[in-house]
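Beneath this line is the structure, given in C-alpha cells, with notes to follow.
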Amino acid sequence: MRPRSLDEVVGQKHLLRQGSPLRVIASDADGSAVSVILWGPPGTGKTTMAQAIAHTSGRRFVELSAVTAGIKDVRAVMERALNDRDLYDIATVLFLDEIHRFTKAQQDALLPGVENGWVTLIAATTENPSFSVISPLLSRSLLLTLEALSDADIAELLDRAVTDPRGLGGAVALTEEGRAALVQLSSGDARRALTGLEAAAGSALALGAEAAAEAAEDEDPEPAAVPEITAELVAISVDRALLRYDKDGDQHYDVVSAFIKSMRGSDPDAAIHYLARMIEAGEDPRFIARRLMVHAAEDVGLADPQALTIAVAAAQATQLIGLPEARIPLAEATIYIATAPKSNAVISAIDAAIADVKAGRFGAVPKPLRDAHYPGAKKLGHGKGYRYPHSDPRGVVRQQYLPDEIVDAKYYQPTTHGNEREISERLEKIRRISRGE
C-alpha cells in the first residue's frame, strides 16, 4: 500500500503543496533541487515520500540505510553520481534512512557531494537533527518536519487498504468501531495501523472460513457474508486492550485531569496509573511531556526548582528516543513531581502582575533604573542615583525598583514548603533592606 506518487501520500499537506521542495525534487527539473532532511516520528511517511519521488523523478535514485552502509558505500555513490552528471547529464537523488545512526566521519563523507551538487540528498531521521546531524550538513540542507498523522489521515489509509486491489481488495469489511479501534492503537503511525489491519483481517478471514465451512454442511446454505473487522476482533488480533479513552472525547480530558490532580495531590501511585492509561491508549508522549513541564512550574515551582529541570529533561528524552523507551523518563518525572513539595506562588505572582498590567496599574520606570548608555540619556537624568548592589557587602542596597504607582506591590509570596522556606526567610531580609520595611 505504499504510495506510488506524492499525490497518493496522506497527511503532511504542509510539505506537499505545489512548489514545495519535495515537489521540486520530484519534478523533472534541472537537477538543482536543494537537499532535505526529513524529521518526524515513525510511520509518518519519510521513506514513503522518498520512494514516491523515485517513481516520479527523472533522476537516478539510490537508497542507503545508515544501519548497514559505511563510508565506502557513501563514497561509491558520490563517485558514480559525479560521473553520471559529467558524462551522461543524469542527476542523482540519494535517500539515506536513519541518518542519525551515522557517525560524524560518515556524515562528513556526504559533504562534498551535497555541497558540490553531485547528489540531492534526502535524509530521514526520527531524532532531533540539531543533536544527531553535524552542523555543516545541517546548514547545507533544508530541514522539513513531519507531523504525526491525524486520526482522519489514518482512517483514510485504512479505508483505502480495505478496498484497494493492492491491499485487501474488499475481502473484508471494516466496521466503524473496528476503524476507530485501529486508529486509536496506531498513535499516528501509518505502519502500525496497517499492521494492525493486516492482523485483524487475517483473523476475520479465518473466522469467515470456519463459518463458511459450517454453513456448507447445511442443506440450503445462505450466501457467505463478507467477514467484518470489529473492535473486539482488533483487540484480540493485536493482543492489546482497547481502553475507554478517546483522544478527542470526555475520557481524554478526564484522564488528563486525574493525572494532573494526582500529581498535585502528591499521590505517585495514582499519577503513574493515569500515565499508564494515557500511554497504552496511544496518547502523544509529547503531550504528556508538555503537561509535566507545565505542572512542574505551576504546582511545584520554587518549592523544588529541580522539578522543572527533570520535567524538561524528560521532554527532551521523549523527543529523542520515543516510545516505548520514553515511558521511563516520563514515569521518573511523574513520580518526582508527585512527591515534590508543592507551591503555586510562582503562577500566582505572574498572574497577579499580569492582572495589574492589564488593568493599567503601572507607571514610568524609575529614573535610576533607566538605560543611560545612549547619547543624551544622562542629560535626562537616566541612571542618576542608581546604587550598585555589588558595592554593598550584603549584596543588597536600598533602592526603589517598582514604579511609584505600585511601589508597595508584593507579587511573589513564597510558601513555607520545601525550598521556598529558605526563599521566604531570605526574601524577608531582602525586602527589609531594599524597601526599608
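Ordered as shown in the C-alpha cells, chains take letters A, B, and onward, while each chain numbers its residues from 1 and ligands are numbered from 1 in the order shown.
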For this session: May I have the residues within 8 Å of stretch 367-370 of chain A as an NGL selection string, using only C-alpha atoms and disregarding those fewer than 4 positions away in the same chain?
Result: :A and (381-386 or 401)
Problem set entry | Selection near stretch 350-354 of chain A, 12 Å with only C-alpha atoms, sequence-local residues under 6 positions removed, as a list in words |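 Here the qualifying residues turn out to be Ala297, Glu298, Gly301, Asn344, Gly360, Arg361, Phe362, Leu402, Ile406, Ala409, Lys410, Tyr411, Tyr412 and Gln413 of chain A.
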Using N, CA and C atoms, can you write the selected residues to a file as an mmCIF file, in the first residue's frame?
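Saved to out.cif:
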data_model
loop_
_atom_site.group_PDB
_atom_site.id
_atom_site.type_symbol
_atom_site.label_atom_id
_atom_site.label_comp_id
_atom_site.auth_asym_id
_atom_site.auth_seq_id
_atom_site.Cartn_x
_atom_site.Cartn_y
_atom_site.Cartn_z
ATOM 1 N N ALA A 297 6.156 23.654 36.823
ATOM 2 C CA ALA A 297 6.293 25.092 37.047
ATOM 3 C C ALA A 297 5.111 25.657 37.823
ATOM 4 N N GLU A 298 3.917 25.127 37.559
ATOM 5 C CA GLU A 298 2.711 25.707 38.140
ATOM 6 C C GLU A 298 2.457 25.240 39.567
ATOM 7 N N GLY A 301 6.834 24.647 41.367
ATOM 8 C CA GLY A 301 7.507 25.944 41.377
ATOM 9 C C GLY A 301 8.823 25.925 42.114
ATOM 10 N N ASN A 344 2.203 27.092 44.577
ATOM 11 C CA ASN A 344 1.706 27.791 43.382
ATOM 12 C C ASN A 344 2.042 29.277 43.443
ATOM 13 N N GLY A 360 -4.033 48.500 33.860
ATOM 14 C CA GLY A 360 -3.431 49.821 33.758
ATOM 15 C C GLY A 360 -2.713 50.269 35.003
ATOM 16 N N ARG A 361 -2.494 49.312 35.927
ATOM 17 C CA ARG A 361 -1.789 49.675 37.168
ATOM 18 C C ARG A 361 -0.277 49.537 36.949
ATOM 19 N N PHE A 362 0.276 50.514 36.277
ATOM 20 C CA PHE A 362 1.728 50.558 36.081
ATOM 21 C C PHE A 362 2.117 52.014 35.850
ATOM 22 N N LEU A 402 10.259 49.299 41.753
ATOM 23 C CA LEU A 402 8.923 49.377 41.168
ATOM 24 C C LEU A 402 8.552 50.830 40.865
ATOM 25 N N ILE A 406 2.892 51.641 41.996
ATOM 26 C CA ILE A 406 2.714 50.327 42.638
ATOM 27 C C ILE A 406 3.931 49.998 43.497
ATOM 28 N N ALA A 409 3.752 47.014 45.900
ATOM 29 C CA ALA A 409 3.227 45.729 45.418
ATOM 30 C C ALA A 409 4.141 44.575 45.830
ATOM 31 N N LYS A 410 3.510 43.470 46.208
ATOM 32 C CA LYS A 410 4.238 42.236 46.533
ATOM 33 C C LYS A 410 3.567 41.094 45.787
ATOM 34 N N TYR A 411 4.105 40.761 44.633
ATOM 35 C CA TYR A 411 3.504 39.718 43.807
ATOM 36 C C TYR A 411 3.922 38.325 44.271
ATOM 37 N N TYR A 412 5.198 38.164 44.553
ATOM 38 C CA TYR A 412 5.682 36.839 44.941
ATOM 39 C C TYR A 412 5.583 36.673 46.445
ATOM 40 N N GLN A 413 4.766 35.732 46.866
ATOM 41 C CA GLN A 413 4.571 35.428 48.282
ATOM 42 C C GLN A 413 4.941 33.964 48.503
#
Exercise. Can you tell me, as a list in words, what residues are no more than 8 Å from A:Leu157 when counting only C-alpha atoms, ignoring any on the same chain fewer than 4 positions away?
Worked result: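 In the requested form, the answer reads Val10, Asp153, Ala161, Ala190 and Leu194 of chain A.
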For the selection just defined, write its residues with C-alpha atoms to a file, as a CSV table (one decimal), in the first residue's frame.
chain,number,residue,atom,x,y,z
A,10,VAL,CA,-1.9,11.0,3.0
A,153,ASP,CA,-5.4,10.5,7.9
A,161,ALA,CA,-6.2,-0.5,2.2
A,190,ALA,CA,0.7,4.5,9.5
A,194,LEU,CA,-1.7,-1.1,8.5
For this session: Check stretch 41-251 of chain A with DSSP on the backbone and list each residue it calls alpha helix (DSSP H), as a PyMOL selection string.
Result: chain A and resi 46-56+71-88+104-108+111-115+129-132+135-139+151-163+176-186+190-216+231-238+250-251
Would you save the residues from that selection as a compact mmCIF listing (two decimals), in the first residue's frame, using C-alpha atoms?
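Everything below was put into out_3.txt:
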# COMPACT_ATOMS: atom_id res chain seq x y z
CA LYS A 46 9.61 9.69 5.41
CA THR A 47 10.57 6.61 3.41
CA THR A 48 7.27 6.75 1.53
CA MET A 49 7.97 10.26 0.28
CA ALA A 50 11.48 9.32 -0.82
CA GLN A 51 10.26 6.30 -2.77
CA ALA A 52 7.38 8.27 -4.25
CA ILE A 53 9.95 10.78 -5.51
CA ALA A 54 11.90 7.88 -7.01
CA HIS A 55 8.86 6.85 -9.06
CA THR A 56 8.08 10.35 -10.33
CA ILE A 71 31.88 5.44 4.34
CA LYS A 72 32.90 3.16 1.46
CA ASP A 73 29.29 2.89 0.28
CA VAL A 74 28.78 6.65 0.52
CA ARG A 75 31.93 7.41 -1.47
CA ALA A 76 30.95 4.89 -4.14
CA VAL A 77 27.60 6.63 -4.56
CA MET A 78 29.28 10.04 -4.77
CA GLU A 79 31.76 8.90 -7.42
CA ARG A 80 29.01 7.31 -9.51
CA ALA A 81 26.85 10.44 -9.15
CA LEU A 82 29.70 12.70 -10.28
CA ASN A 83 30.38 10.52 -13.32
CA ASP A 84 26.69 10.33 -14.24
CA ARG A 85 26.40 14.09 -14.02
CA ASP A 86 29.51 14.90 -16.05
CA LEU A 87 29.29 12.11 -18.65
CA TYR A 88 25.57 11.50 -19.09
CA LYS A 104 30.48 12.25 12.37
CA ALA A 105 33.08 10.80 9.99
CA GLN A 106 30.39 9.04 7.95
CA GLN A 107 28.33 12.23 7.74
CA ASP A 108 31.45 14.16 6.71
CA LEU A 111 29.52 16.84 2.47
CA PRO A 112 31.42 17.02 -0.87
CA GLY A 113 28.54 15.53 -2.82
CA VAL A 114 25.92 17.74 -1.15
CA GLU A 115 27.99 20.93 -1.31
CA PRO A 129 18.74 16.71 13.73
CA SER A 130 20.13 19.50 15.91
CA PHE A 131 21.68 16.77 18.06
CA SER A 132 22.17 13.94 15.57
CA SER A 135 26.26 21.33 11.61
CA PRO A 136 27.93 21.60 8.15
CA LEU A 137 25.48 19.09 6.71
CA LEU A 138 22.53 20.64 8.52
CA SER A 139 23.37 24.09 7.21
CA ASP A 151 -6.96 10.31 13.08
CA ALA A 152 -8.63 11.32 9.81
CA ASP A 153 -5.43 10.52 7.89
CA ILE A 154 -5.15 7.07 9.49
CA ALA A 155 -8.85 6.37 8.81
CA GLU A 156 -8.34 7.28 5.14
CA LEU A 157 -5.35 4.94 4.89
CA LEU A 158 -7.31 2.08 6.45
CA ASP A 159 -10.31 2.54 4.16
CA ARG A 160 -8.01 2.65 1.14
CA ALA A 161 -6.21 -0.53 2.20
CA VAL A 162 -9.50 -2.39 2.67
CA THR A 163 -10.77 -1.62 -0.84
CA GLU A 176 -16.82 1.96 12.25
CA GLU A 177 -15.89 0.58 15.67
CA GLY A 178 -13.10 -1.51 14.16
CA ARG A 179 -11.75 1.50 12.28
CA ALA A 180 -11.86 3.63 15.44
CA ALA A 181 -10.01 0.91 17.36
CA LEU A 182 -7.25 0.70 14.75
CA VAL A 183 -6.96 4.49 14.63
CA GLN A 184 -6.67 4.62 18.41
CA LEU A 185 -3.99 1.95 18.53
CA SER A 186 -1.95 3.49 15.70
CA ALA A 190 0.65 4.51 9.45
CA ARG A 191 2.74 1.34 9.62
CA ARG A 192 1.27 0.38 12.96
CA ALA A 193 -2.26 0.98 11.63
CA LEU A 194 -1.72 -1.14 8.52
CA THR A 195 0.00 -3.88 10.53
CA GLY A 196 -2.98 -3.98 12.90
CA LEU A 197 -5.38 -4.05 9.95
CA GLU A 198 -3.49 -6.93 8.37
CA ALA A 199 -3.57 -8.93 11.59
CA ALA A 200 -7.27 -8.24 12.15
CA ALA A 201 -8.09 -9.09 8.54
CA GLY A 202 -6.28 -12.41 8.89
CA SER A 203 -8.37 -13.22 11.95
CA ALA A 204 -11.59 -12.14 10.22
CA LEU A 205 -10.88 -14.25 7.13
CA ALA A 206 -10.03 -17.28 9.29
CA LEU A 207 -13.26 -16.94 11.24
CA GLY A 208 -15.14 -16.37 8.00
CA ALA A 209 -13.71 -19.55 6.50
CA GLU A 210 -14.82 -21.54 9.55
CA ALA A 211 -18.31 -20.10 9.33
CA ALA A 212 -18.47 -20.88 5.62
CA ALA A 213 -17.39 -24.46 6.22
CA GLU A 214 -20.13 -24.94 8.82
CA ALA A 215 -22.72 -23.34 6.53
CA ALA A 216 -21.71 -25.66 3.67
CA ALA A 231 -13.29 -3.55 17.66
CA GLU A 232 -13.31 -6.82 19.60
CA LEU A 233 -11.53 -8.61 16.77
CA VAL A 234 -8.91 -5.85 16.63
CA ALA A 235 -8.28 -6.21 20.36
CA ILE A 236 -7.87 -9.98 20.02
CA SER A 237 -5.67 -9.71 16.93
CA VAL A 238 -3.19 -7.21 18.29
CA ASP A 250 -14.51 13.15 27.56
CA GLN A 251 -12.27 10.25 28.57
Exercise. Near A:Val312, within 10 Å and counting only C-alpha atoms, which residues show up once chain neighbours fewer than 5 positions away are dropped, as an MDAnalysis selection string?
Worked result: chainID A and resid 289:290 292:294 296 306:307 317:318 333
Give me the residues near A:Ile288 as a PDB file with C-alpha atoms, in the first residue's frame, where near means some atom within 9 Å (using only C-alpha atoms) and where sequence neighbours in that chain fewer than 6 positions away do not count.
ATOM      1  CA  VAL A 256      -5.512  14.006  31.857  1.00  0.00           C
ATOM      2  CA  LEU A 275       0.186   7.891  32.960  1.00  0.00           C
ATOM      3  CA  MET A 278      -2.543   7.525  28.536  1.00  0.00           C
ATOM      4  CA  ILE A 279       0.456   5.662  27.120  1.00  0.00           C
ATOM      5  CA  ALA A 315      10.517  16.001  27.471  1.00  0.00           C
ATOM      6  CA  LEU A 330       8.063  10.170  31.738  1.00  0.00           C
TER       7      LEU A 330
END
For this session: Would you list the contacts of A:Val133 as a PyMOL selection string, taking every protein, DNA or RNA residue within 12 Å and counting only C-alpha atoms, but skipping same-chain residues closer than 5 positions in sequence?
Result: chain A and resi 37-39+98-108+110-111+123-128+138-141+143
Exercise. Atom CA of A:Ile122 and atom CA of A:Val93, how far apart in Å?
Worked result: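 Atom CA of A:Ile122 lies at a distance of 7.2 Å from atom CA of A:Val93.
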Exercise. By how many Å are atom CA of A:Val24 and atom CA of A:Arg59 apart?
Worked result: 11.9 Å
Exercise. What are the DSSP strand (DSSP E or B) residues of stretch 24-134 of chain A, as a PyMOL selection string?
Worked result: chain A and resi 36-39+60-65+92-97+119-125
Restricting the output to N, CA and C atoms, write the selected residues as a CSV table (one decimal), in the first residue's frame.
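Result file follows (result_22.csv):
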chain,number,residue,atom,x,y,z
A,36,VAL,N,17.4,17.8,1.5
A,36,VAL,CA,16.4,18.0,2.6
A,36,VAL,C,16.7,16.9,3.6
A,37,ILE,N,16.3,17.2,4.9
A,37,ILE,CA,16.4,16.3,6.0
A,37,ILE,C,14.9,16.2,6.5
A,38,LEU,N,14.4,15.0,6.4
A,38,LEU,CA,13.0,14.7,6.9
A,38,LEU,C,13.1,14.2,8.3
A,39,TRP,N,12.5,15.0,9.2
A,39,TRP,CA,12.5,14.7,10.7
A,39,TRP,C,11.1,14.5,11.1
A,60,ARG,N,18.3,9.5,-11.3
A,60,ARG,CA,18.7,8.2,-10.8
A,60,ARG,C,18.5,8.3,-9.2
A,61,PHE,N,17.9,7.2,-8.7
A,61,PHE,CA,17.6,7.1,-7.3
A,61,PHE,C,18.4,6.0,-6.6
A,62,VAL,N,19.1,6.4,-5.5
A,62,VAL,CA,19.9,5.5,-4.8
A,62,VAL,C,19.4,5.5,-3.3
A,63,GLU,N,19.2,4.4,-2.7
A,63,GLU,CA,18.8,4.3,-1.4
A,63,GLU,C,19.8,3.6,-0.5
A,64,LEU,N,20.2,4.2,0.6
A,64,LEU,CA,21.1,3.6,1.6
A,64,LEU,C,20.5,3.7,3.0
A,65,SER,N,20.8,2.7,3.8
A,65,SER,CA,20.4,2.8,5.2
A,65,SER,C,21.6,3.0,6.1
A,92,THR,N,21.4,12.6,-9.6
A,92,THR,CA,21.2,11.5,-8.6
A,92,THR,C,20.5,12.0,-7.4
A,93,VAL,N,19.5,11.3,-6.9
A,93,VAL,CA,18.9,11.5,-5.6
A,93,VAL,C,19.3,10.4,-4.7
A,94,LEU,N,19.9,10.8,-3.6
A,94,LEU,CA,20.4,9.8,-2.6
A,94,LEU,C,19.5,9.9,-1.4
A,95,PHE,N,18.8,8.8,-1.1
A,95,PHE,CA,17.9,8.7,0.1
A,95,PHE,C,18.7,7.9,1.2
A,96,LEU,N,18.9,8.6,2.3
A,96,LEU,CA,19.7,8.0,3.4
A,96,LEU,C,18.8,7.9,4.6
A,97,ASP,N,18.4,6.6,4.9
A,97,ASP,CA,17.5,6.4,6.0
A,97,ASP,C,18.3,6.3,7.3
A,119,VAL,N,24.9,15.1,-5.7
A,119,VAL,CA,23.6,14.4,-5.4
A,119,VAL,C,22.7,15.4,-4.7
A,120,THR,N,21.4,15.1,-4.8
A,120,THR,CA,20.4,15.7,-4.0
A,120,THR,C,20.1,14.7,-2.9
A,121,LEU,N,20.4,15.1,-1.7
A,121,LEU,CA,20.3,14.2,-0.5
A,121,LEU,C,18.9,14.4,0.1
A,122,ILE,N,18.2,13.2,0.3
A,122,ILE,CA,17.0,13.2,1.1
A,122,ILE,C,17.4,12.3,2.3
A,123,ALA,N,17.5,12.8,3.5
A,123,ALA,CA,17.9,12.1,4.7
A,123,ALA,C,16.7,12.0,5.6
A,124,ALA,N,16.5,10.9,6.3
A,124,ALA,CA,15.4,10.7,7.2
A,124,ALA,C,15.9,10.4,8.6
A,125,THR,N,15.2,10.9,9.6
A,125,THR,CA,15.6,10.7,10.9
A,125,THR,C,14.4,10.8,11.9
For this session: Enter the distance from atom CA of A:Val9 to atom CA of A:Leu174, in Å, rounded to one decimal.
Result: 21.4 Å
Exercise. Which residue out of A:Ala340, A:Glu283, A:Ala225, A:Tyr274 has the minimum interatomic distance to A:Ser257 when only C-alpha atoms are used?
Worked result: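 Selected residue with least distance to A:Ser257: A:Tyr274.
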